[in-house]
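Shown next: target-v8.cif, containing mmCIF, C-alpha atoms.
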data_data
#
loop_
_atom_site.group_PDB
_atom_site.id
_atom_site.type_symbol
_atom_site.label_atom_id
_atom_site.label_comp_id
_atom_site.auth_asym_id
_atom_site.auth_seq_id
_atom_site.Cartn_x
_atom_site.Cartn_y
_atom_site.Cartn_z
ATOM 1 C CA MET A 24 -11.064 -3.277 15.788
ATOM 2 C CA SER A 25 -13.793 -3.545 13.144
ATOM 3 C CA TYR A 26 -13.974 -6.567 10.873
ATOM 4 C CA GLU A 27 -16.350 -4.930 8.391
ATOM 5 C CA LEU A 28 -15.568 -4.441 4.709
ATOM 6 C CA ASP A 29 -13.942 -1.008 4.295
ATOM 7 C CA SER A 30 -15.012 0.212 0.864
ATOM 8 C CA ASP A 31 -15.702 3.907 1.599
ATOM 9 C CA ASP A 32 -14.285 6.227 -1.085
ATOM 10 C CA LYS A 33 -12.972 3.197 -3.002
ATOM 11 C CA VAL A 34 -13.981 1.330 -6.111
ATOM 12 C CA GLU A 35 -13.758 -2.480 -6.392
ATOM 13 C CA ILE A 36 -11.390 -3.333 -9.272
ATOM 14 C CA GLY A 37 -11.297 -7.129 -9.078
ATOM 15 C CA ARG A 38 -13.351 -7.394 -12.288
ATOM 16 C CA LEU A 39 -10.452 -5.765 -14.171
ATOM 17 C CA ALA A 40 -8.126 -8.659 -13.334
ATOM 18 C CA THR A 41 -7.722 -12.144 -14.724
ATOM 19 C CA TRP A 42 -7.679 -14.501 -11.739
ATOM 20 C CA SER A 43 -5.939 -17.843 -11.254
ATOM 21 C CA VAL A 44 -5.167 -20.115 -8.288
ATOM 22 C CA SER A 45 -2.434 -22.663 -7.608
ATOM 23 C CA SER A 46 -4.996 -25.414 -6.924
ATOM 24 C CA ALA A 47 -8.637 -25.941 -6.028
ATOM 25 C CA LYS A 48 -10.901 -28.702 -4.719
ATOM 26 C CA THR A 49 -13.829 -29.722 -6.914
ATOM 27 C CA ASN A 50 -16.848 -27.416 -6.346
ATOM 28 C CA CYS A 51 -14.676 -25.000 -4.301
ATOM 29 C CA GLY A 52 -12.914 -23.227 -7.160
ATOM 30 C CA LEU A 53 -11.781 -19.750 -7.987
ATOM 31 C CA GLU A 54 -15.289 -18.523 -8.807
ATOM 32 C CA MET A 55 -16.185 -18.863 -5.097
ATOM 33 C CA LEU A 56 -13.726 -16.071 -4.231
ATOM 34 C CA ARG A 57 -15.734 -13.600 -6.311
ATOM 35 C CA ASP A 58 -19.374 -14.736 -5.897
ATOM 36 C CA ASN A 59 -20.253 -12.275 -3.052
ATOM 37 C CA ASP A 60 -21.534 -15.166 -0.922
ATOM 38 C CA LEU A 61 -19.885 -15.443 2.516
ATOM 39 C CA LYS A 62 -21.061 -19.051 2.882
ATOM 40 C CA THR A 63 -19.020 -20.331 -0.089
ATOM 41 C CA TYR A 64 -15.227 -20.546 -0.247
ATOM 42 C CA TRP A 65 -12.236 -21.360 -2.397
ATOM 43 C CA GLN A 66 -10.413 -24.402 -1.029
ATOM 44 C CA SER A 67 -6.854 -25.153 -2.075
ATOM 45 C CA ASP A 68 -5.780 -28.694 -2.868
ATOM 46 C CA GLY A 69 -2.017 -29.030 -2.827
ATOM 47 C CA PRO A 70 1.200 -28.072 -1.051
ATOM 48 C CA GLN A 71 1.767 -24.693 0.597
ATOM 49 C CA PRO A 72 2.112 -21.891 -0.209
ATOM 50 C CA HIS A 73 -1.341 -21.585 -1.774
ATOM 51 C CA ILE A 74 -1.436 -18.849 -4.411
ATOM 52 C CA VAL A 75 -4.067 -16.502 -5.861
ATOM 53 C CA ASN A 76 -2.843 -14.492 -8.873
ATOM 54 C CA MET A 77 -4.573 -11.350 -10.147
ATOM 55 C CA GLN A 78 -3.254 -10.087 -13.506
ATOM 56 C CA PHE A 79 -4.218 -6.737 -15.017
ATOM 57 C CA GLU A 80 -4.045 -5.733 -18.694
ATOM 58 C CA LYS A 81 -2.481 -2.405 -17.779
ATOM 59 C CA LYS A 82 -0.507 -1.178 -14.789
ATOM 60 C CA THR A 83 -3.074 -0.697 -12.034
ATOM 61 C CA SER A 84 -2.916 1.027 -8.641
ATOM 62 C CA VAL A 85 -4.209 -1.307 -5.926
ATOM 63 C CA GLN A 86 -4.907 0.561 -2.684
ATOM 64 C CA GLN A 87 -6.478 -2.197 -0.603
ATOM 65 C CA VAL A 88 -6.837 -5.964 -0.514
ATOM 66 C CA SER A 89 -9.792 -7.212 1.549
ATOM 67 C CA ILE A 90 -10.040 -10.860 2.603
ATOM 68 C CA TYR A 91 -13.022 -12.492 4.297
ATOM 69 C CA TYR A 92 -12.455 -15.657 6.279
ATOM 70 C CA ASP A 93 -14.259 -17.491 9.062
ATOM 71 C CA ALA A 94 -11.908 -18.978 11.674
ATOM 72 C CA LYS A 95 -14.812 -20.338 13.715
ATOM 73 C CA GLU A 96 -16.270 -22.333 10.808
ATOM 74 C CA ASP A 97 -13.073 -23.213 8.940
ATOM 75 C CA GLU A 98 -10.766 -24.032 11.888
ATOM 76 C CA SER A 99 -7.463 -25.460 10.542
ATOM 77 C CA TYR A 100 -8.322 -24.274 6.996
ATOM 78 C CA THR A 101 -8.047 -20.642 8.190
ATOM 79 C CA PRO A 102 -4.974 -18.741 6.912
ATOM 80 C CA SER A 103 -2.555 -17.616 9.639
ATOM 81 C CA ARG A 104 0.299 -16.030 7.621
ATOM 82 C CA ILE A 105 -0.022 -14.385 4.226
ATOM 83 C CA SER A 106 2.236 -12.552 1.818
ATOM 84 C CA ILE A 107 1.076 -10.057 -0.810
ATOM 85 C CA ARG A 108 3.451 -9.565 -3.722
ATOM 86 C CA GLY A 109 3.348 -7.248 -6.707
ATOM 87 C CA GLY A 110 5.227 -6.631 -9.923
ATOM 88 C CA THR A 111 5.039 -6.526 -13.694
ATOM 89 C CA GLY A 112 5.151 -10.339 -13.997
ATOM 90 C CA TYR A 113 6.110 -13.536 -12.190
ATOM 91 C CA HIS A 114 9.818 -12.842 -12.752
ATOM 92 C CA ASP A 115 9.987 -9.626 -10.696
ATOM 93 C CA LEU A 116 7.454 -10.027 -7.863
ATOM 94 C CA LYS A 117 8.390 -8.083 -4.742
ATOM 95 C CA GLU A 118 6.867 -8.709 -1.337
ATOM 96 C CA LEU A 119 4.616 -5.800 -0.384
ATOM 97 C CA ILE A 120 3.207 -7.205 2.860
ATOM 98 C CA ASN A 121 3.962 -10.234 5.039
ATOM 99 C CA MET A 122 1.616 -10.490 7.973
ATOM 100 C CA GLU A 123 0.160 -12.743 10.630
ATOM 101 C CA LEU A 124 -3.661 -12.882 10.565
ATOM 102 C CA GLU A 125 -5.809 -12.798 13.675
ATOM 103 C CA VAL A 126 -8.263 -15.592 14.448
ATOM 104 C CA ILE A 127 -11.531 -13.857 13.506
ATOM 105 C CA VAL A 128 -14.759 -14.108 11.581
ATOM 106 C CA GLY A 129 -14.886 -11.133 9.224
ATOM 107 C CA TRP A 130 -13.008 -8.930 6.792
ATOM 108 C CA VAL A 131 -9.332 -8.094 7.012
ATOM 109 C CA ASN A 132 -8.665 -4.874 5.078
ATOM 110 C CA ILE A 133 -4.992 -4.558 4.088
ATOM 111 C CA ASN A 134 -4.105 -1.025 3.042
ATOM 112 C CA LEU A 135 -1.215 -1.175 0.579
ATOM 113 C CA GLU A 136 -0.906 2.617 0.697
ATOM 114 C CA ASP A 137 0.561 2.305 4.210
ATOM 115 C CA MET A 138 3.676 0.489 3.036
ATOM 116 C CA PRO A 139 6.845 2.012 4.522
ATOM 117 C CA GLY A 140 8.554 4.560 2.270
ATOM 118 C CA SER A 141 5.720 4.589 -0.246
ATOM 119 C CA GLY A 142 2.782 6.781 0.717
ATOM 120 C CA ARG A 143 0.892 5.693 -2.397
ATOM 121 C CA PRO A 144 -0.613 2.454 -3.701
ATOM 122 C CA PRO A 145 1.633 0.149 -5.730
ATOM 123 C CA ARG A 146 1.053 0.092 -9.506
ATOM 124 C CA VAL A 147 1.197 -3.493 -10.715
ATOM 125 C CA PHE A 148 0.410 -5.756 -13.650
ATOM 126 C CA LEU A 149 0.429 -8.774 -11.316
ATOM 127 C CA LEU A 150 -0.723 -8.973 -7.703
ATOM 128 C CA GLN A 151 -0.229 -12.254 -5.860
ATOM 129 C CA LEU A 152 -1.675 -13.439 -2.555
ATOM 130 C CA ALA A 153 0.277 -16.306 -1.016
ATOM 131 C CA ILE A 154 -1.087 -18.221 1.978
ATOM 132 C CA ILE A 155 2.105 -19.271 3.764
ATOM 133 C CA SER A 156 0.557 -21.171 6.677
ATOM 134 C CA ASN A 157 -2.780 -22.010 8.303
ATOM 135 C CA GLN A 158 -4.130 -22.074 11.844
ATOM 136 C CA LEU A 159 -3.543 -25.283 13.810
ATOM 137 C CA GLY A 160 -1.009 -26.509 11.229
ATOM 138 C CA GLY A 161 -3.681 -27.054 8.569
ATOM 139 C CA LYS A 162 -2.606 -28.087 5.059
ATOM 140 C CA ASP A 163 -5.283 -26.698 2.705
ATOM 141 C CA THR A 164 -6.933 -23.314 3.074
ATOM 142 C CA HIS A 165 -10.346 -21.648 2.798
ATOM 143 C CA ILE A 166 -10.861 -18.044 1.694
ATOM 144 C CA ARG A 167 -14.479 -16.973 1.458
ATOM 145 C CA GLN A 168 -14.108 -13.671 -0.411
ATOM 146 C CA LEU A 169 -11.276 -11.600 -1.879
ATOM 147 C CA LYS A 170 -11.728 -8.026 -3.105
ATOM 148 C CA LEU A 171 -9.353 -5.462 -4.593
ATOM 149 C CA PHE A 172 -9.893 -1.718 -4.266
ATOM 150 C CA ALA A 173 -8.512 1.461 -5.799
ATOM 151 C CA THR A 174 -9.055 5.061 -4.793
ATOM 152 C CA ARG A 175 -12.222 6.482 -6.285
ATOM 153 C CA GLY A 176 -11.206 9.327 -8.584
ATOM 154 C CA PRO A 177 -12.936 12.718 -8.496
ATOM 155 C CA HIS A 178 -15.959 13.054 -10.777
ATOM 156 C CA PRO A 179 -15.176 15.338 -13.716
ATOM 157 C CA THR A 180 -17.167 18.533 -14.117
ATOM 158 C CA GLU A 181 -18.939 19.191 -17.398
ATOM 159 C CA ASN A 182 -15.997 21.250 -18.667
ATOM 160 C CA GLU A 183 -13.470 18.562 -17.668
ATOM 161 C CA GLN A 184 -15.257 15.684 -19.391
ATOM 162 C CA HIS A 185 -13.713 16.610 -22.735
ATOM 163 C CA PRO A 186 -10.006 17.328 -22.256
ATOM 164 C CA PHE A 187 -9.628 18.094 -25.971
ATOM 165 C CA THR A 188 -8.486 21.581 -26.860
ATOM 166 C CA SER A 189 -7.921 21.515 -30.606
ATOM 167 C CA SER A 190 -10.844 22.614 -32.780
ATOM 168 C CA GLU A 191 -10.753 19.293 -34.673
ATOM 169 C CA PHE A 192 -11.316 17.288 -31.490
ATOM 170 C CA LEU A 193 -13.842 19.733 -30.067
ATOM 171 C CA GLN A 194 -16.019 19.305 -33.178
ATOM 172 C CA CYS A 195 -16.389 15.600 -32.301
ATOM 173 C CA SER A 196 -16.882 16.028 -28.562
ATOM 174 C CA THR A 197 -20.670 16.493 -28.551
ATOM 175 C CA LEU A 198 -23.537 14.456 -29.904
ATOM 176 C CA ARG A 199 -26.012 16.068 -32.265
#
File written out as structure tokens:
Amino acid sequence: MSYELDSDDKVEIGRLATWSVSSAKTNCGLEMLRDNDLKTYWQSDGPQPHIVNMQFEKKTSVQQVSIYYDAKEDESYTPSRISIRGGTGYHDLKELINMELEVIVGWVNINLEDMPGSGRPPRVFLLQLAIISNQLGGKDTHIRQLKLFATRGPHPTENEQHPFTSSEFLQCSTLR
């Protein structure tokens, strides 16, 4: 099994979300999840479950969640069981995935398209990652990177770039 980041034919959509966490230690905050540095990490500071919320302005299809963690370096801070939930808000979150994580150093790519009975990525306003438990009974957790991906859409041809058909819209579709 490969523990490399799987981003082929996908686009990273994490920048489209507003992120929040349930708690964070000083100098190990939310920004560390998104800084593209595998040496830094977000560290929780409170009771389990530890939560990362990702809220989108509009309903968004999320195909894959990729988490980087380092069990060798982080030991008891390494997540062992996670839950990914999705919905339109906090009031209607439904569990999409509940899984046990292997003890590794690397990326875990969780394909949400593979959910039973679905066959397509969930469309959500709110995606939530909950760390239910840690390795060795640890209390707080470390996550070094967290990325969200959607399917890369086909590139429009020149004729498809302007879907307008009325003459009024077509007059405004080119620059002079």
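Restricting the calculation to only C-alpha atoms, the smallest distance between Leu39 in chain A and any of A:Leu116, A:Met55, A:Val85, A:Val75 is found for A:Val85.
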| message | As an exercise, work out the distance from CA of Leu61 in chain A to CA of Gly129 in chain A in Å and give it to one decimal place. | response |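 Taking CA of Leu61 in chain A as the start and CA of Gly129 in chain A as the end point, the length is 9.4 Å.
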Box in all listed atoms of range 83-102 of chain A, axis-aligned, with 3 Å more on each side; write out centre and edge lengths in Å to one decimal as JSON.
{"center_x": -9.6, "center_y": -12.2, "center_z": 0.8, "size_x": 19.4, "size_y": 32.5, "size_z": 31.7}
| query | If you count only C-alpha atoms, which residues fall within 12 Å of Gln71 in chain A, apart from same-chain ones fewer than 3 positions away, as number ranges by chain? | reply | A: 45-46, 67-68, 74-75, 100, 102, 104-105, 153-157, 160-164
| task | Write out as a list in words which residues come within 9 Å of Leu159 in chain A when counting all atoms listed in the file, dropping same-chain ones fewer than 4 positions away. | result |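 Final neighbour list, sorted by chain and number: Glu98, Ser99, Tyr100, Thr101 and Ser103 of chain A.
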With C-alpha atoms retained, could you export that selection as a CSV table (one decimal), keeping the file's coordinate frame?
chain,number,residue,atom,x,y,z
A,98,GLU,CA,-10.8,-24.0,11.9
A,99,SER,CA,-7.5,-25.5,10.5
A,100,TYR,CA,-8.3,-24.3,7.0
A,101,THR,CA,-8.0,-20.6,8.2
A,103,SER,CA,-2.6,-17.6,9.6
| said: Could you tell me, as a PyMOL selection string, exactly which residues end up selected when the PyMOL selection byres ((chain A and resi 57) around 8) is applied to this structure? | reply: chain A and resi 53-56+58-59+168-170
| message | Could you check the closest approach to Asn121 in chain A for each of A:Arg108, A:Lys62, A:Arg38, A:Lys33 and tell me which residue wins, using all atoms listed in the file? | response | A:Arg108
| Straight-line distance linking CA of Asp97 in chain A with CA of Pro70 in chain A, stated in Å to one decimal |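 Between these atoms lies a distance of 18.1 Å.
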